[in-house]
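Structure file run_28.txt (compact mmCIF, C-alpha atoms) is printed below.
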# COMPACT_ATOMS: atom_id res chain seq x y z
CA MET A 1 -27.37 59.56 -78.14
CA ASP A 2 -26.13 56.31 -79.66
CA LEU A 3 -26.31 53.45 -77.19
CA CYS A 4 -24.42 51.00 -79.39
CA GLN A 5 -22.12 48.65 -77.51
CA PRO A 6 -18.34 48.86 -77.99
CA ASP A 7 -16.31 45.70 -78.50
CA ALA A 8 -15.95 43.72 -75.27
CA GLU A 9 -12.18 43.38 -75.86
CA GLU A 10 -11.77 47.15 -75.57
CA LEU A 11 -13.50 47.39 -72.19
CA THR A 12 -11.89 47.36 -68.77
CA LYS A 13 -13.57 45.41 -65.97
CA GLY A 14 -15.10 48.60 -64.59
CA GLU A 15 -16.37 49.63 -68.00
CA THR A 16 -17.84 46.18 -68.56
CA GLU A 17 -19.72 46.38 -65.28
CA GLU A 18 -20.98 49.86 -66.18
CA LEU A 19 -22.11 48.63 -69.59
CA GLU A 20 -23.98 45.74 -67.99
CA GLN A 21 -25.66 48.20 -65.65
CA ILE A 22 -26.65 50.38 -68.61
CA LYS A 23 -28.05 47.35 -70.43
CA TRP A 24 -30.05 46.40 -67.35
CA HIS A 25 -31.50 49.90 -67.01
CA ARG A 26 -32.38 49.92 -70.69
CA LYS A 27 -34.12 46.57 -70.33
CA GLN A 28 -36.02 47.79 -67.29
CA LEU A 29 -36.64 51.15 -68.93
CA LEU A 30 -40.02 52.55 -68.05
CA GLU A 31 -41.12 49.48 -66.17
CA ASP A 32 -39.57 51.65 -63.51
CA ILE A 33 -39.96 55.38 -64.22
CA GLN A 34 -36.34 55.87 -63.14
CA GLY A 35 -35.17 54.36 -66.47
CA ILE A 36 -35.25 57.66 -68.36
CA GLN A 37 -33.82 59.50 -65.38
CA TYR A 38 -30.88 57.08 -65.19
CA LEU A 39 -30.06 57.47 -68.88
CA THR A 40 -30.23 61.27 -68.77
CA GLU A 41 -28.23 61.54 -65.52
CA HIS A 42 -25.44 59.41 -67.03
CA LYS A 43 -25.56 61.44 -70.25
CA LEU A 44 -26.56 58.38 -72.25
CA LEU A 45 -29.65 60.25 -73.36
CA SER A 46 -30.09 63.98 -73.83
CA THR A 47 -32.39 65.85 -71.47
CA ASP A 48 -33.90 67.58 -74.52
CA ILE A 49 -37.63 66.81 -74.59
CA ARG A 50 -37.66 66.18 -78.33
CA GLU A 51 -34.74 63.75 -78.14
CA ILE A 52 -36.42 61.79 -75.34
CA ALA A 53 -39.60 61.68 -77.43
CA GLN A 54 -37.67 60.46 -80.47
CA PHE A 55 -36.00 57.79 -78.34
CA LEU A 56 -39.43 56.51 -77.25
CA TYR A 57 -40.91 56.90 -80.73
CA LYS A 58 -38.20 54.73 -82.29
CA GLY A 59 -38.79 52.33 -79.42
CA GLU A 60 -35.93 49.99 -80.26
CA GLY A 61 -36.13 47.12 -77.79
CA LEU A 62 -38.37 49.07 -75.42
CA SER A 63 -41.54 47.81 -73.79
CA LYS A 64 -44.58 49.31 -75.56
CA THR A 65 -46.56 48.91 -72.34
CA ALA A 66 -43.90 50.78 -70.40
CA ILE A 67 -43.75 53.56 -73.00
CA GLY A 68 -47.49 54.04 -72.52
CA THR A 69 -47.06 54.11 -68.76
CA TYR A 70 -44.39 56.80 -68.99
CA LEU A 71 -46.28 58.94 -71.49
CA GLY A 72 -49.42 58.81 -69.37
CA GLU A 73 -47.81 60.33 -66.26
CA ARG A 74 -48.92 63.80 -65.22
CA ASP A 75 -45.50 65.15 -64.31
CA PRO A 76 -44.76 68.35 -66.35
CA VAL A 77 -41.78 66.72 -68.08
CA ASN A 78 -43.84 63.66 -69.02
CA LEU A 79 -46.58 65.90 -70.41
CA GLN A 80 -44.04 67.71 -72.58
CA VAL A 81 -42.60 64.39 -73.76
CA LEU A 82 -46.11 63.16 -74.59
CA GLN A 83 -46.71 66.23 -76.76
CA ALA A 84 -43.36 65.82 -78.51
CA PHE A 85 -43.97 62.07 -78.93
CA VAL A 86 -47.33 62.67 -80.62
CA ASP A 87 -45.69 65.34 -82.80
CA CYS A 88 -43.33 62.64 -84.10
CA HIS A 89 -46.32 61.12 -85.91
CA GLU A 90 -47.25 62.44 -89.34
CA PHE A 91 -51.00 62.09 -89.87
CA ALA A 92 -51.42 64.34 -92.91
CA ASN A 93 -53.69 62.88 -95.61
CA LEU A 94 -54.55 59.85 -93.46
CA ASN A 95 -58.12 59.03 -92.53
CA LEU A 96 -58.81 58.62 -88.83
CA VAL A 97 -58.48 54.83 -88.79
CA GLN A 98 -55.13 54.97 -90.60
CA ALA A 99 -53.86 57.55 -88.11
CA LEU A 100 -55.12 55.51 -85.14
CA ARG A 101 -53.41 52.38 -86.48
CA GLN A 102 -50.11 54.23 -86.54
CA PHE A 103 -50.62 55.90 -83.17
CA LEU A 104 -51.85 52.85 -81.22
CA TRP A 105 -48.99 50.72 -82.53
CA SER A 106 -46.33 53.06 -81.14
CA PHE A 107 -47.18 52.30 -77.49
CA ARG A 108 -49.77 50.46 -75.45
CA LEU A 109 -52.64 52.48 -73.97
CA PRO A 110 -52.59 52.41 -70.15
CA GLY A 111 -55.73 51.48 -68.25
CA GLU A 112 -56.32 54.63 -66.23
CA ALA A 113 -59.02 56.97 -67.52
CA GLN A 114 -57.12 60.21 -66.88
CA LYS A 115 -54.06 58.93 -68.73
CA ILE A 116 -56.14 57.76 -71.69
CA ASP A 117 -57.93 61.11 -71.76
CA ARG A 118 -54.66 63.08 -71.94
CA MET A 119 -53.18 60.83 -74.62
CA MET A 120 -56.25 60.80 -76.85
CA GLU A 121 -56.73 64.55 -76.42
CA THR A 122 -53.16 65.09 -77.62
CA PHE A 123 -53.73 62.70 -80.53
CA ALA A 124 -56.93 64.49 -81.58
CA THR A 125 -55.21 67.88 -81.50
CA ARG A 126 -52.33 66.57 -83.62
CA TYR A 127 -54.64 64.89 -86.13
CA CYS A 128 -56.71 68.03 -86.62
CA LEU A 129 -53.55 70.11 -87.03
CA CYS A 130 -52.31 67.72 -89.75
CA ASN A 131 -55.74 67.55 -91.42
CA PRO A 132 -57.42 70.97 -91.16
CA GLY A 133 -61.08 71.07 -92.10
CA VAL A 134 -61.81 67.34 -91.65
CA PHE A 135 -63.60 67.94 -88.34
CA GLN A 136 -65.15 71.06 -86.85
CA SER A 137 -63.22 70.62 -83.60
CA THR A 138 -60.79 68.40 -81.76
CA ASP A 139 -63.76 67.26 -79.63
CA THR A 140 -65.26 65.64 -82.74
CA CYS A 141 -62.01 63.84 -83.48
CA TYR A 142 -61.72 62.76 -79.84
CA VAL A 143 -65.22 61.26 -79.67
CA LEU A 144 -64.97 59.57 -83.07
CA SER A 145 -61.59 58.07 -82.16
CA PHE A 146 -63.12 56.38 -79.13
CA SER A 147 -66.08 55.23 -81.21
CA VAL A 148 -63.67 53.56 -83.62
CA ILE A 149 -61.71 51.92 -80.79
CA MET A 150 -64.94 50.59 -79.23
CA LEU A 151 -66.14 49.44 -82.65
CA ASN A 152 -62.92 47.49 -83.08
CA THR A 153 -63.60 45.64 -79.82
CA SER A 154 -67.25 45.00 -80.67
CA LEU A 155 -66.43 43.60 -84.10
CA HIS A 156 -63.38 41.50 -83.26
CA ASN A 157 -63.43 40.47 -79.59
CA PRO A 158 -64.47 36.78 -79.59
CA ASN A 159 -66.38 37.30 -76.35
CA VAL A 160 -68.71 39.88 -77.95
CA ARG A 161 -71.56 38.12 -79.72
CA ASP A 162 -73.65 41.16 -80.65
CA ARG A 163 -71.77 42.57 -83.65
CA PRO A 164 -72.90 46.16 -84.23
CA PRO A 165 -74.16 46.98 -87.75
CA PHE A 166 -73.10 50.12 -89.57
CA GLU A 167 -76.38 51.82 -88.66
CA ARG A 168 -75.56 51.56 -84.95
CA PHE A 169 -72.12 53.08 -85.55
CA VAL A 170 -73.82 56.00 -87.33
CA SER A 171 -76.31 56.40 -84.48
CA MET A 172 -73.49 56.44 -81.88
CA ASN A 173 -71.96 59.45 -83.61
CA ARG A 174 -75.02 61.61 -84.20
CA GLY A 175 -74.41 65.32 -83.69
CA ILE A 176 -70.76 65.06 -82.67
CA ASN A 177 -69.48 67.40 -85.40
CA GLY A 178 -70.36 70.67 -83.74
CA GLY A 179 -73.99 69.59 -83.42
CA SER A 180 -74.14 68.26 -86.98
CA ASP A 181 -73.71 64.72 -88.30
CA LEU A 182 -70.57 63.56 -90.04
CA PRO A 183 -70.94 62.53 -93.71
CA GLU A 184 -72.23 58.96 -93.93
CA GLY A 185 -69.61 58.14 -96.55
CA GLN A 186 -66.85 59.14 -94.14
CA LEU A 187 -68.28 56.93 -91.41
CA ARG A 188 -68.77 54.06 -93.85
CA SER A 189 -65.10 54.22 -94.84
CA LEU A 190 -63.99 54.05 -91.20
CA PHE A 191 -66.44 51.25 -90.38
CA ASP A 192 -65.40 49.09 -93.35
CA SER A 193 -61.71 49.58 -92.59
CA ILE A 194 -62.08 48.32 -89.01
CA LYS A 195 -64.43 45.52 -90.04
CA SER A 196 -61.98 44.19 -92.62
CA GLU A 197 -58.86 44.59 -90.46
CA PRO A 198 -58.77 44.97 -86.67
CA PHE A 199 -56.24 47.17 -84.94
CA SER A 200 -52.86 45.57 -84.34
CA ILE A 201 -52.20 46.14 -80.66
CA PRO A 202 -48.54 45.76 -79.64
CA GLU A 203 -47.82 42.78 -77.42
CA ASP A 204 -44.38 42.95 -75.88
CA ASP A 205 -43.92 39.19 -75.74
CA GLY A 206 -45.93 38.27 -78.82
CA LYS A 207 -48.28 36.02 -76.84
CA ASP A 208 -51.69 37.55 -76.27
CA LEU A 209 -52.78 35.45 -73.31
CA THR A 210 -49.36 35.36 -71.69
CA HIS A 211 -49.22 39.15 -71.89
CA THR A 212 -52.76 39.49 -70.58
CA PHE A 213 -52.05 37.32 -67.55
CA PHE A 214 -48.60 38.70 -66.78
CA ASN A 215 -49.74 41.36 -64.35
CA PRO A 216 -53.27 40.45 -63.21
CA ASP A 217 -55.39 42.50 -60.84
CA ARG A 218 -55.91 39.40 -58.71
CA GLU A 219 -55.36 35.65 -58.96
CA GLY A 220 -55.89 32.59 -56.78
CA TRP A 221 -57.67 29.27 -56.20
CA LEU A 222 -61.45 29.34 -55.85
CA LEU A 223 -64.30 26.84 -56.08
CA LYS A 224 -66.75 27.31 -58.96
CA LEU A 225 -70.22 25.83 -59.18
CA GLY A 226 -70.95 24.19 -62.53
CA GLY A 227 -73.61 25.59 -64.84
CA ARG A 228 -75.40 22.49 -66.06
CA VAL A 229 -73.96 19.90 -63.64
CA LYS A 230 -74.13 21.43 -60.18
CA THR A 231 -70.79 20.27 -58.82
CA TRP A 232 -68.07 22.38 -57.24
CA LYS A 233 -64.69 22.35 -58.96
CA ARG A 234 -61.43 23.91 -57.89
CA ARG A 235 -60.16 26.39 -60.46
CA TRP A 236 -57.31 28.90 -60.69
CA PHE A 237 -58.87 32.33 -61.32
CA ILE A 238 -57.18 35.34 -62.90
CA LEU A 239 -58.79 38.78 -62.97
CA THR A 240 -57.40 41.10 -65.65
CA ASP A 241 -58.54 43.48 -68.41
CA SER A 242 -62.15 43.47 -67.08
CA CYS A 243 -62.44 39.70 -67.59
CA LEU A 244 -62.38 36.79 -65.18
CA TYR A 245 -60.47 33.78 -66.52
CA TYR A 246 -60.33 30.36 -64.91
CA PHE A 247 -57.91 27.49 -65.44
CA GLU A 248 -57.82 23.87 -64.36
CA TYR A 249 -54.13 24.13 -63.45
CA THR A 250 -51.82 27.11 -62.87
CA THR A 251 -49.50 25.78 -65.58
CA ASP A 252 -52.20 25.82 -68.28
CA LYS A 253 -51.53 28.29 -71.10
CA GLU A 254 -55.16 28.49 -72.20
CA PRO A 255 -58.09 29.18 -69.86
CA ARG A 256 -60.97 26.76 -69.43
CA GLY A 257 -63.40 29.67 -69.31
CA ILE A 258 -63.65 33.43 -69.88
CA ILE A 259 -66.23 35.66 -68.19
CA PRO A 260 -66.32 39.24 -69.56
CA LEU A 261 -67.42 41.49 -66.70
CA GLU A 262 -69.15 44.12 -68.83
CA ASN A 263 -72.64 44.88 -67.46
CA LEU A 264 -72.30 42.32 -64.65
CA SER A 265 -72.58 42.84 -60.90
CA VAL A 266 -71.09 40.93 -57.97
CA GLN A 267 -72.47 40.34 -54.50
CA LYS A 268 -72.11 38.19 -51.40
CA VAL A 269 -74.46 35.22 -51.35
CA ASP A 270 -75.29 32.43 -48.88
CA ASP A 271 -75.04 28.87 -50.14
CA PRO A 272 -76.18 25.83 -48.15
CA LYS A 273 -73.22 23.73 -49.30
CA LYS A 274 -70.29 26.14 -49.41
CA PRO A 275 -69.26 29.08 -47.19
CA PHE A 276 -67.86 32.45 -48.23
CA CYS A 277 -69.61 32.62 -51.60
CA LEU A 278 -69.88 35.42 -54.11
CA GLU A 279 -72.10 35.59 -57.18
CA LEU A 280 -71.65 37.19 -60.58
CA TYR A 281 -74.92 38.10 -62.27
CA ASN A 282 -76.48 40.44 -64.81
CA PRO A 283 -78.76 42.81 -62.86
CA SER A 284 -80.77 43.84 -65.94
CA CYS A 285 -81.24 40.36 -67.44
CA ARG A 286 -81.98 37.97 -64.59
CA GLY A 287 -82.73 34.46 -65.87
CA GLN A 288 -80.76 34.88 -69.10
CA LYS A 289 -77.40 33.24 -69.78
CA ILE A 290 -74.39 35.40 -69.12
CA LYS A 291 -72.29 36.07 -72.21
CA ALA A 292 -69.24 33.91 -71.56
CA CYS A 293 -67.38 31.03 -73.13
CA LYS A 294 -65.64 27.85 -72.00
CA THR A 295 -63.66 24.95 -73.42
CA ASP A 296 -65.55 21.64 -73.44
CA GLY A 297 -64.12 18.15 -73.02
CA ASP A 298 -63.23 17.95 -76.72
CA GLY A 299 -61.30 21.21 -76.62
CA LYS A 300 -63.98 23.18 -78.46
CA VAL A 301 -64.86 26.70 -77.38
CA VAL A 302 -68.58 26.79 -76.57
CA GLU A 303 -71.00 29.27 -75.05
CA GLY A 304 -71.25 29.21 -71.27
CA LYS A 305 -74.36 27.76 -69.61
CA HIS A 306 -74.53 30.02 -66.57
CA GLU A 307 -77.33 32.40 -65.66
CA SER A 308 -75.07 33.41 -62.79
CA TYR A 309 -71.66 32.33 -61.52
CA ARG A 310 -71.38 31.18 -57.92
CA ILE A 311 -67.87 31.05 -56.52
CA SER A 312 -66.61 30.03 -53.08
CA ALA A 313 -63.49 31.43 -51.39
CA ALA A 314 -61.45 29.99 -48.54
CA SER A 315 -62.40 32.74 -46.08
CA ALA A 316 -64.69 35.73 -45.66
CA GLN A 317 -61.71 38.06 -46.03
CA GLU A 318 -60.65 36.46 -49.32
CA ARG A 319 -64.23 36.57 -50.62
CA ASP A 320 -64.49 40.27 -49.79
CA GLN A 321 -61.15 40.99 -51.46
CA TRP A 322 -62.30 39.25 -54.64
CA ILE A 323 -65.59 41.17 -54.60
CA GLU A 324 -63.74 44.48 -54.21
CA ALA A 325 -61.31 43.63 -57.04
CA ILE A 326 -64.09 42.48 -59.38
CA ARG A 327 -66.16 45.61 -58.72
CA ALA A 328 -63.14 47.78 -59.51
CA SER A 329 -62.56 45.85 -62.72
CA ILE A 330 -66.20 46.16 -63.81
CA THR A 331 -65.99 49.94 -63.60
CA ARG A 332 -62.43 50.20 -64.90
CA VAL A 333 -63.12 50.40 -68.66
CA PRO A 334 -63.24 54.19 -69.05
CA PHE A 335 -64.08 54.67 -72.74
CA TYR A 336 -67.84 55.12 -72.36
CA ASP A 337 -67.52 57.63 -69.54
CA LEU A 338 -64.90 59.64 -71.43
CA VAL A 339 -67.02 59.73 -74.59
CA SER A 340 -70.17 60.64 -72.65
CA ALA A 341 -68.42 63.56 -70.96
CA ARG A 342 -67.06 64.86 -74.26
CA LYS A 343 -70.45 64.58 -76.00
CA LYS A 344 -71.98 66.68 -73.21
CA LYS A 345 -69.25 69.25 -73.79
CA ILE A 346 -70.08 69.39 -77.51
CA ALA A 347 -73.81 69.71 -76.78
CA SER A 348 -73.21 72.55 -74.30
CA LYS A 349 -71.59 74.63 -77.01
CA GLN A 350 -74.72 74.59 -79.21
Go ahead and express the file in the form of structure tokens.
Amino acid sequence: MDLCQPDAEELTKGETEELEQIKWHRKQLLEDIQGIQYLTEHKLLSTDIREIAQFLYKGEGLSKTAIGTYLGERDPVNLQVLQAFVDCHEFANLNLVQALRQFLWSFRLPGEAQKIDRMMETFATRYCLCNPGVFQSTDTCYVLSFSVIMLNTSLHNPNVRDRPPFERFVSMNRGINGGSDLPEGQLRSLFDSIKSEPFSIPEDDGKDLTHTFFNPDREGWLLKLGGRVKTWKRRWFILTDSCLYYFEYTTDKEPRGIIPLENLSVQKVDDPKKPFCLELYNPSCRGQKIKACKTDGDGKVVEGKHESYRISAASAQERDQWIEAIRASITRVPFYDLVSARKKKIASKQ
């Protein structure tokens, strides 16, 4: 249904108030699941699944993050809308990277593993339907899609220093095509495409860091022990997207340091100078510097100097809450687990 606004001069006071309420619900749409329900109940949007999907697919003025949240829900109606939404995409004659670019731009992937699994399963089914014969099964498409997404992160995330070569990408995808290997030329094409141009991930406000920090898992003041100079400094910490960021002031737009939590562990630790301490460390590489970065006095981004990060909270309760949140964030990235489970499924069919 067309949600265009009529001229204000033609509206009565009651109609104006109703229009303002409609505009508010549209703005809040999907940040609160009731957005779609409100529009359908007031006959501003059809209850037809395909029309709802088209409304989300066009996405005019809608939050891409909120669209992803709605599509990821397990309610039967949401599942039908997800299927119809994916069917709005035409993937015929596109290679997998081209199809993923289109798909991942139409919404923002949620963080929960089960939601990601449902959405990528639906994508893989649609891609294989549009491109019969490219892969032996949707499982192959599913696994390779995740491999491409992880490759994109490994090649273009500034916090990742170990850039995977093509040979590693090939090795990651051994035997995924019904027990056979995919053609090396096909993998080379996908690898080169991602290497030359990373995925464009929709940011609702156009500011990467602002978007990242908008809804953190946890934030607050903590004391951090320096890496080279062993002094304690008060920093504002933000935990989000499996990274720990710290700022000198809450008003700063750029962090002073970034600590990716991949492969790290966190534990309580006693310190003779500060109470209520926790420590971030790499359990498999004790004594080596943690892969992290910071901004030096000249504003340059440099490699961090820490073999571990020691942080002091204001109380035992606050320390324990930070430890719990960090542990959840370390295990939150679900891609590897999803791919591992699907590879086992492929192997079991041989």
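Taking only C-alpha atoms into account, Ser145 in chain A lies nearest to A:Val339 out of the set A:Leu182, A:Leu261, A:Leu244, A:Val339.
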Within 9 Å of Met150 in chain A using all atoms listed in the file, minus same-chain residues under 5 positions, as a short mmCIF file (atom, residue, chain, number, x, y, z; two decimals) with C-alpha atoms, in the frame of the given file:
data_model
loop_
_atom_site.label_atom_id
_atom_site.label_comp_id
_atom_site.auth_asym_id
_atom_site.auth_seq_id
_atom_site.Cartn_x
_atom_site.Cartn_y
_atom_site.Cartn_z
CA SER A 145 -61.59 58.07 -82.16
CA LEU A 155 -66.43 43.60 -84.10
CA PHE A 335 -64.08 54.67 -72.74
CA TYR A 336 -67.84 55.12 -72.36
#
**Request:** To one decimal in Å, tell me the separation between CA of Arg50 in chain A and CA of Pro76 in chain A.
**Result:**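 CA of Pro76 in chain A lies 14.1 Å from CA of Arg50 in chain A.
Ranking A:Ile323, A:Leu239, A:Leu71, A:Leu62 by their shortest atom-to-atom distance to Gln114 in chain A, with only C-alpha atoms included, puts A:Leu71 first.
Computed from the coordinates, the CA of Leu280 in chain A to CA of Glu307 in chain A distance equals 9.0 Å.
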**Request:** Please identify all polymer residues lying at most 12 Å from the point (-69.5, 31.6, -75.5) (file coordinates), using all atoms listed in the file, and present the result as an NGL selection string.
**Result:** :A and (157-162 or 256-260 or 289-296 or 300-306)
**Request:** Provide the CA of Gln321 in chain A to CA of Leu109 in chain A distance in Å, to one decimal place.
**Result:**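 Going from CA of Gln321 in chain A over to CA of Leu109 in chain A, I get 26.7 Å.
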**Asked** Which neighbours of range 172-175 of chain A fall inside 10 Å, counting all atoms listed in the file, when residues of the same chain fewer than 5 positions from it are skipped, and could you give them as a list in words?
**Response**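 Listed by chain and then number, they are Thr140, Val143, Leu144, Ser147, Phe166, Glu167, Ser180, Asp181, Leu182, Leu187, Lys343, Ile346 and Ala347 of chain A.
With all atoms listed in the file as the basis for measurement, A:Asn152 is the residue among A:Asp217, A:Asn152, A:Leu56, A:Lys345 that approaches Pro164 in chain A most closely.
Nearest to Phe247 in chain A of all the residues A:Leu129, A:Lys224, A:Glu41, A:Phe55 is A:Lys224, based on all atoms listed in the file.
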